[in-house]
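coords30.cif (mmCIF, C-alpha atoms)
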data_query
loop_
_atom_site.label_atom_id
_atom_site.label_comp_id
_atom_site.auth_asym_id
_atom_site.auth_seq_id
_atom_site.Cartn_x
_atom_site.Cartn_y
_atom_site.Cartn_z
CA ASP A 1292 0.00 0.00 0.00
CA THR A 1293 1.27 3.43 -0.94
CA GLU A 1294 1.57 5.95 1.87
CA VAL A 1295 1.49 8.86 -0.55
CA THR A 1296 -2.05 9.43 -1.80
CA GLN A 1297 -2.84 11.36 -4.95
CA THR A 1298 -6.20 12.57 -6.25
CA PRO A 1299 -7.69 12.43 -8.75
CA LYS A 1300 -6.29 9.32 -10.43
CA HIS A 1301 -7.51 10.53 -13.82
CA LEU A 1302 -8.28 14.06 -14.99
CA VAL A 1303 -9.43 15.36 -18.37
CA MET A 1304 -9.44 19.11 -18.73
CA GLY A 1305 -9.86 21.69 -21.44
CA MET A 1306 -7.23 24.27 -22.23
CA THR A 1307 -9.24 27.03 -20.56
CA ASN A 1308 -10.04 25.09 -17.39
CA LYS A 1309 -8.56 25.50 -13.91
CA LYS A 1310 -8.03 22.31 -11.96
CA SER A 1311 -5.85 21.03 -9.14
CA LEU A 1312 -3.98 17.85 -8.34
CA LYS A 1313 -3.71 16.91 -4.69
CA CYS A 1314 -1.17 14.89 -2.75
CA GLU A 1315 -1.15 13.81 0.89
CA GLN A 1316 1.32 11.92 3.06
CA HIS A 1317 1.16 10.97 6.73
CA MET A 1318 4.69 9.69 7.22
CA GLY A 1319 5.92 12.88 8.87
CA HIS A 1320 8.11 13.65 5.89
CA ARG A 1321 9.31 17.24 5.52
CA ALA A 1322 10.10 17.16 1.81
CA MET A 1323 7.56 16.76 -0.99
CA TYR A 1324 8.01 16.69 -4.74
CA TRP A 1325 6.15 16.91 -8.03
CA TYR A 1326 7.42 14.92 -11.01
CA LYS A 1327 6.09 14.81 -14.56
CA GLN A 1328 6.35 11.68 -16.69
CA LYS A 1329 5.63 11.51 -20.40
CA ALA A 1330 4.92 8.19 -22.10
CA LYS A 1331 7.95 5.89 -22.31
CA LYS A 1332 10.17 8.44 -20.58
CA PRO A 1333 11.59 8.61 -17.06
CA PRO A 1334 10.04 10.95 -14.48
CA GLU A 1335 11.37 14.51 -14.50
CA LEU A 1336 11.50 16.74 -11.45
CA MET A 1337 9.24 19.80 -11.44
CA PHE A 1338 9.19 21.17 -7.88
CA VAL A 1339 10.64 20.44 -4.45
CA TYR A 1340 9.19 21.67 -1.16
CA SER A 1341 11.28 21.46 1.96
CA TYR A 1342 9.68 22.36 5.29
CA GLU A 1343 6.71 23.81 3.38
CA LYS A 1344 8.89 26.19 1.39
CA LEU A 1345 9.57 25.92 -2.32
CA SER A 1346 13.24 25.01 -2.64
CA ILE A 1347 13.53 23.90 -6.27
CA ASN A 1348 11.58 24.98 -9.36
CA GLU A 1349 12.98 23.28 -12.44
CA SER A 1350 12.02 26.18 -14.73
CA VAL A 1351 8.45 24.96 -14.92
CA PRO A 1352 5.99 27.17 -16.89
CA SER A 1353 3.80 29.40 -14.73
CA ARG A 1354 0.65 27.58 -15.88
CA PHE A 1355 1.72 25.04 -13.22
CA SER A 1356 1.47 26.52 -9.74
CA PRO A 1357 2.48 24.44 -6.70
CA GLU A 1358 1.21 25.01 -3.19
CA CYS A 1359 2.11 23.42 0.13
CA PRO A 1360 -0.60 24.33 2.67
CA ASN A 1361 1.03 22.25 5.41
CA SER A 1362 3.66 19.57 5.85
CA SER A 1363 1.28 16.77 4.83
CA LEU A 1364 -0.33 18.31 1.76
CA LEU A 1365 0.93 19.33 -1.64
CA ASN A 1366 -1.20 20.74 -4.45
CA LEU A 1367 -0.48 21.44 -8.09
CA HIS A 1368 -2.78 24.07 -9.58
CA LEU A 1369 -3.27 23.85 -13.33
CA HIS A 1370 -4.43 26.68 -15.57
CA ALA A 1371 -4.39 27.25 -19.33
CA LEU A 1372 -2.59 24.01 -20.03
CA GLN A 1373 -1.59 22.79 -23.46
CA PRO A 1374 -2.20 19.33 -24.95
CA GLU A 1375 1.54 18.63 -24.63
CA ASP A 1376 1.13 18.89 -20.85
CA SER A 1377 -0.77 15.61 -20.92
CA ALA A 1378 1.27 13.23 -18.78
CA LEU A 1379 1.43 11.26 -15.56
CA TYR A 1380 2.03 13.58 -12.61
CA LEU A 1381 3.74 11.91 -9.67
CA CYS A 1382 3.92 13.20 -6.12
CA ALA A 1383 6.63 11.97 -3.78
CA SER A 1384 7.88 12.56 -0.27
CA SER A 1385 10.98 11.90 1.80
CA GLN A 1386 12.13 12.50 5.36
CA GLU A 1387 14.31 15.40 4.30
CA ALA A 1388 14.96 17.02 0.93
CA HIS A 1389 16.96 15.37 -1.83
CA TYR A 1390 20.44 16.20 -0.64
CA SER A 1391 20.05 14.18 2.54
CA GLY A 1392 19.96 10.93 0.63
CA ASN A 1393 16.72 9.67 2.11
CA THR A 1394 14.52 7.09 0.46
CA ILE A 1395 11.87 8.77 -1.69
CA TYR A 1396 8.34 7.36 -1.78
CA PHE A 1397 5.99 7.93 -4.70
CA GLY A 1398 2.23 8.04 -4.97
CA GLU A 1399 0.23 6.23 -7.64
CA GLY A 1400 0.16 9.30 -9.86
CA SER A 1401 -2.51 11.38 -11.57
CA TRP A 1402 -3.06 10.78 -15.28
CA LEU A 1403 -3.77 14.14 -16.89
CA THR A 1404 -5.21 14.61 -20.36
CA VAL A 1405 -5.54 18.11 -21.80
CA VAL A 1406 -8.01 18.41 -24.67
CA GLY B 118 24.58 17.32 -14.85
CA ILE B 119 24.86 13.67 -13.95
CA GLN B 120 23.90 11.15 -16.62
CA VAL B 121 22.20 7.86 -15.71
CA GLU B 122 22.04 5.16 -18.36
CA GLN B 123 20.35 1.77 -18.07
CA SER B 124 20.73 -1.38 -20.10
CA PRO B 125 19.20 -3.20 -21.75
CA PRO B 126 16.35 -0.87 -22.78
CA ASP B 127 14.02 -3.81 -23.36
CA LEU B 128 14.03 -7.35 -22.03
CA ILE B 129 11.68 -10.22 -22.83
CA LEU B 130 11.79 -13.30 -20.63
CA GLN B 131 9.92 -16.51 -20.10
CA GLU B 132 8.68 -17.21 -16.61
CA GLY B 133 11.37 -18.75 -14.44
CA ALA B 134 14.30 -17.09 -16.19
CA ASN B 135 16.89 -14.96 -14.43
CA SER B 136 18.03 -11.51 -15.52
CA THR B 137 20.47 -8.72 -14.71
CA LEU B 138 19.69 -5.05 -15.24
CA ARG B 139 22.50 -2.50 -15.25
CA CYS B 140 22.62 1.17 -14.25
CA ASN B 141 25.66 3.35 -15.03
CA PHE B 142 26.05 6.84 -13.65
CA SER B 143 28.51 9.45 -14.83
CA ASP B 144 29.60 10.93 -11.50
CA SER B 145 29.69 10.12 -7.80
CA VAL B 146 26.29 10.01 -6.11
CA ASN B 147 24.93 10.25 -2.57
CA ASN B 148 22.27 7.63 -3.08
CA LEU B 149 21.03 5.09 -5.60
CA GLN B 150 17.50 3.71 -5.65
CA TRP B 151 15.82 1.08 -7.78
CA PHE B 152 12.12 1.34 -8.62
CA HIS B 153 9.59 -0.83 -10.39
CA GLN B 154 6.88 1.06 -12.24
CA ASN B 155 3.79 -1.07 -12.63
CA PRO B 156 1.41 -0.81 -15.60
CA TRP B 157 -0.81 1.57 -13.59
CA GLY B 158 2.05 4.04 -13.21
CA GLN B 159 3.01 3.63 -9.59
CA LEU B 160 6.70 3.70 -8.75
CA ILE B 161 7.43 1.08 -6.13
CA ASN B 162 10.62 1.24 -4.11
CA LEU B 163 12.77 -1.84 -4.51
CA PHE B 164 16.11 -0.87 -2.99
CA TYR B 165 17.87 2.07 -1.43
CA ILE B 166 21.45 1.08 -2.12
CA PRO B 167 24.21 3.71 -2.24
CA SER B 168 26.79 0.93 -1.97
CA GLY B 169 27.09 -2.78 -1.25
CA THR B 170 24.60 -5.58 -1.80
CA LYS B 171 21.04 -6.10 -0.60
CA GLN B 172 18.56 -8.89 -1.15
CA ASN B 173 14.79 -9.00 -0.90
CA GLY B 174 13.25 -12.32 -1.90
CA ARG B 175 13.90 -13.00 -5.57
CA LEU B 176 15.46 -9.58 -6.07
CA SER B 177 18.91 -8.42 -5.16
CA ALA B 178 20.94 -5.33 -5.96
CA THR B 179 24.59 -4.42 -5.90
CA THR B 180 26.09 -0.95 -6.17
CA VAL B 181 29.80 -0.40 -6.76
CA ALA B 182 30.01 3.32 -6.12
CA THR B 183 33.72 3.59 -6.94
CA GLU B 184 33.04 2.21 -10.43
CA ARG B 185 29.77 4.10 -10.83
CA TYR B 186 27.36 1.29 -11.55
CA SER B 187 24.58 -0.68 -9.96
CA LEU B 188 23.05 -4.02 -10.87
CA LEU B 189 19.57 -5.40 -10.20
CA TYR B 190 19.18 -9.17 -10.29
CA ILE B 191 15.80 -10.80 -10.80
CA SER B 192 15.71 -14.55 -10.26
CA SER B 193 12.92 -16.97 -11.22
CA SER B 194 11.01 -14.18 -12.94
CA GLN B 195 7.20 -14.09 -12.77
CA THR B 196 4.63 -12.38 -14.99
CA THR B 197 4.01 -9.90 -12.17
CA ASP B 198 7.61 -8.70 -12.56
CA SER B 199 6.63 -7.09 -15.86
CA GLY B 200 6.87 -3.32 -16.05
CA VAL B 201 9.60 -0.72 -16.22
CA TYR B 202 12.58 -0.76 -13.89
CA PHE B 203 14.25 2.55 -13.12
CA CYS B 204 17.37 3.32 -11.22
CA ALA B 205 17.63 6.83 -9.81
CA ALA B 206 20.79 8.54 -8.65
CA LEU B 207 20.88 11.33 -6.12
CA ARG B 208 23.22 14.28 -6.19
CA ASP B 209 21.49 17.56 -5.46
CA LYS B 210 18.34 16.04 -6.89
CA LEU B 211 17.07 12.62 -7.92
CA ILE B 212 17.89 11.82 -11.55
CA PHE B 213 16.14 8.85 -13.11
CA GLY B 214 17.82 6.51 -15.53
CA THR B 215 16.49 5.71 -18.97
CA GLY B 216 14.65 2.61 -17.75
CA THR B 217 14.49 -1.08 -18.68
CA ARG B 218 11.13 -2.35 -19.93
CA LEU B 219 10.68 -5.96 -18.83
CA GLN B 220 8.06 -8.32 -20.21
CA VAL B 221 7.71 -11.76 -18.65
CA PHE B 222 5.60 -14.30 -20.53
CA PRO B 223 4.11 -17.51 -19.11
#

Turn the structure described in the file into C-alpha cells.
Amino acid sequence: DTEVTQTPKHLVMGMTNKKSLKCEQHMGHRAMYWYKQKAKKPPELMFVYSYEKLSINESVPSRFSPECPNSSLLNLHLHALQPEDSALYLCASSQEAHYSGNTIYFGEGSWLTVV
Amino acid sequence: GIQVEQSPPDLILQEGANSTLRCNFSDSVNNLQWFHQNPWGQLINLFYIPSGTKQNGRLSATTVATERYSLLYISSSQTTDSGVYFCAALRDKLIFGTGTRLQVFP
C-alpha cells in the first residue's frame, strides 16, 4: 500500500479550465516533490518543497502553480494548459529534501489529459 | 549534470528465467535507488542502495560506487515482474535513468 495518496487518479481538462492535483502523506516527511512523466520516458522533477517552502523549481511554466498548505499536503494548480502537458504527474515525499539521501516514496500518480 | 544510463532498454523473458539489469552513472552520487513502475504508473521502491549488496526475496541489488554502476538481479522471474525498472541517482536532486522495460511471458 502506498503511503502517498494522490487525487484524482484521472483528470481530463480543457485548455481554458482551472483544476488542481492533490497529494497527501502521513509519514511525517518534511520534503515533498512533483514529477512529470511523459509516455515511455523517465520521471522529470518539477518542484521540491522542503519544510513547506519551495526550494527547487525546475524552470516549470507558470501555468503550473504548486502550493504546500502544510507539511502533509501538496497541491499542483493547473491553468491554461496545453495538450503537450498531458502526462502522468507523480507526487513523492521523503524524510528530508533530496540532498540528505533519504529514500523517496511515490504516490500512484494522476493521469492528466488536456483536450 | 549527472547522466544515468540503463541497459538493456528492453528485455523479454519466459517465466522462471533470471536476468540482470545495469545502471551506469557518470559521477559520484549520494544515493542510488531502484524502482519498479507497474502498468498503472506507480513507482514502487525496490532498494535504497548507495553501496554494497542487498537482497529482498527473488530480487537483489549491488552498487559499486567507486566504479559508478549498480546491478539489479531478478531470479525466477514471474509475470508480475513485468513493467519498467528505473534506477535513480541522487546528487542535489534525484535523476532517473532511462529505464528497462521488462516483459515476462508464461

> Taking all atoms listed in the file into account, which residues of chain A are within 12 Å of chain B, as a PyMOL selection string?
Replying inline: chain A and resi 1292-1297+1300-1301+1324-1339+1346-1349+1378-1385+1387-1402

> By how many Å are CA of Pro1299 (chain A) and CA of Ser1311 (chain A) apart?
Replying inline: 8.8 Å

Emit as lines of an AutoDock Vina configuration file the padded axis-aligned box for all listed atoms of region 193-207 of chain B, 8 Å per side, with centre and edge lengths in Å to one decimal.
center_x = 12.4
center_y = -2.8
center_z = -11.2
size_x = 32.9
size_y = 44.3
size_z = 26.1

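In this structure, CA of Phe142 (chain B) sits 21.8 Å away from CA of Gly200 (chain B).
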
> Which of these, A:Gln1386, A:Ser1341, A:Ser1377, A:Asn1366, has the shortest distance to Val1303 (chain A) once you count only C-alpha atoms?
Replying inline: A:Ser1377

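Of the residues listed (A:Tyr1340, A:Ala1322, A:Asp1376, A:Gly1305), A:Asp1376 shows the shortest atom-to-atom separation from Arg1354 (chain A); distances use only C-alpha atoms.
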
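Interatomic distance, CA of Glu132 (chain B) to CA of Phe222 (chain B): 5.8 Å.
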
Written as a PDB file with C-alpha atoms, keeping the file's coordinate frame, which residues does the PyMOL selection byres ((chain B and resi 189) around 8) give for the file shown?
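Contents of the output file part.pdb:
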ATOM      1  CA  THR B 137      20.470  -8.720 -14.710  1.00  0.00           C
ATOM      2  CA  LEU B 138      19.690  -5.050 -15.240  1.00  0.00           C
ATOM      3  CA  ARG B 139      22.500  -2.500 -15.250  1.00  0.00           C
ATOM      4  CA  TRP B 151      15.820   1.080  -7.780  1.00  0.00           C
ATOM      5  CA  LEU B 176      15.460  -9.580  -6.070  1.00  0.00           C
ATOM      6  CA  SER B 177      18.910  -8.420  -5.160  1.00  0.00           C
ATOM      7  CA  ALA B 178      20.940  -5.330  -5.960  1.00  0.00           C
ATOM      8  CA  THR B 179      24.590  -4.420  -5.900  1.00  0.00           C
ATOM      9  CA  SER B 187      24.580  -0.680  -9.960  1.00  0.00           C
ATOM     10  CA  LEU B 188      23.050  -4.020 -10.870  1.00  0.00           C
ATOM     11  CA  TYR B 190      19.180  -9.170 -10.290  1.00  0.00           C
ATOM     12  CA  ILE B 191      15.800 -10.800 -10.800  1.00  0.00           C
TER      13      ILE B 191
END

> Looking at A:Ser1350, A:Thr1404, A:Ser1362, A:Gln1373, which one is nearest to Thr1307 (chain A), with distances taken over all atoms listed in the file?
Replying inline: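 The shortest atom-to-atom distance to Thr1307 (chain A) comes from A:Gln1373.
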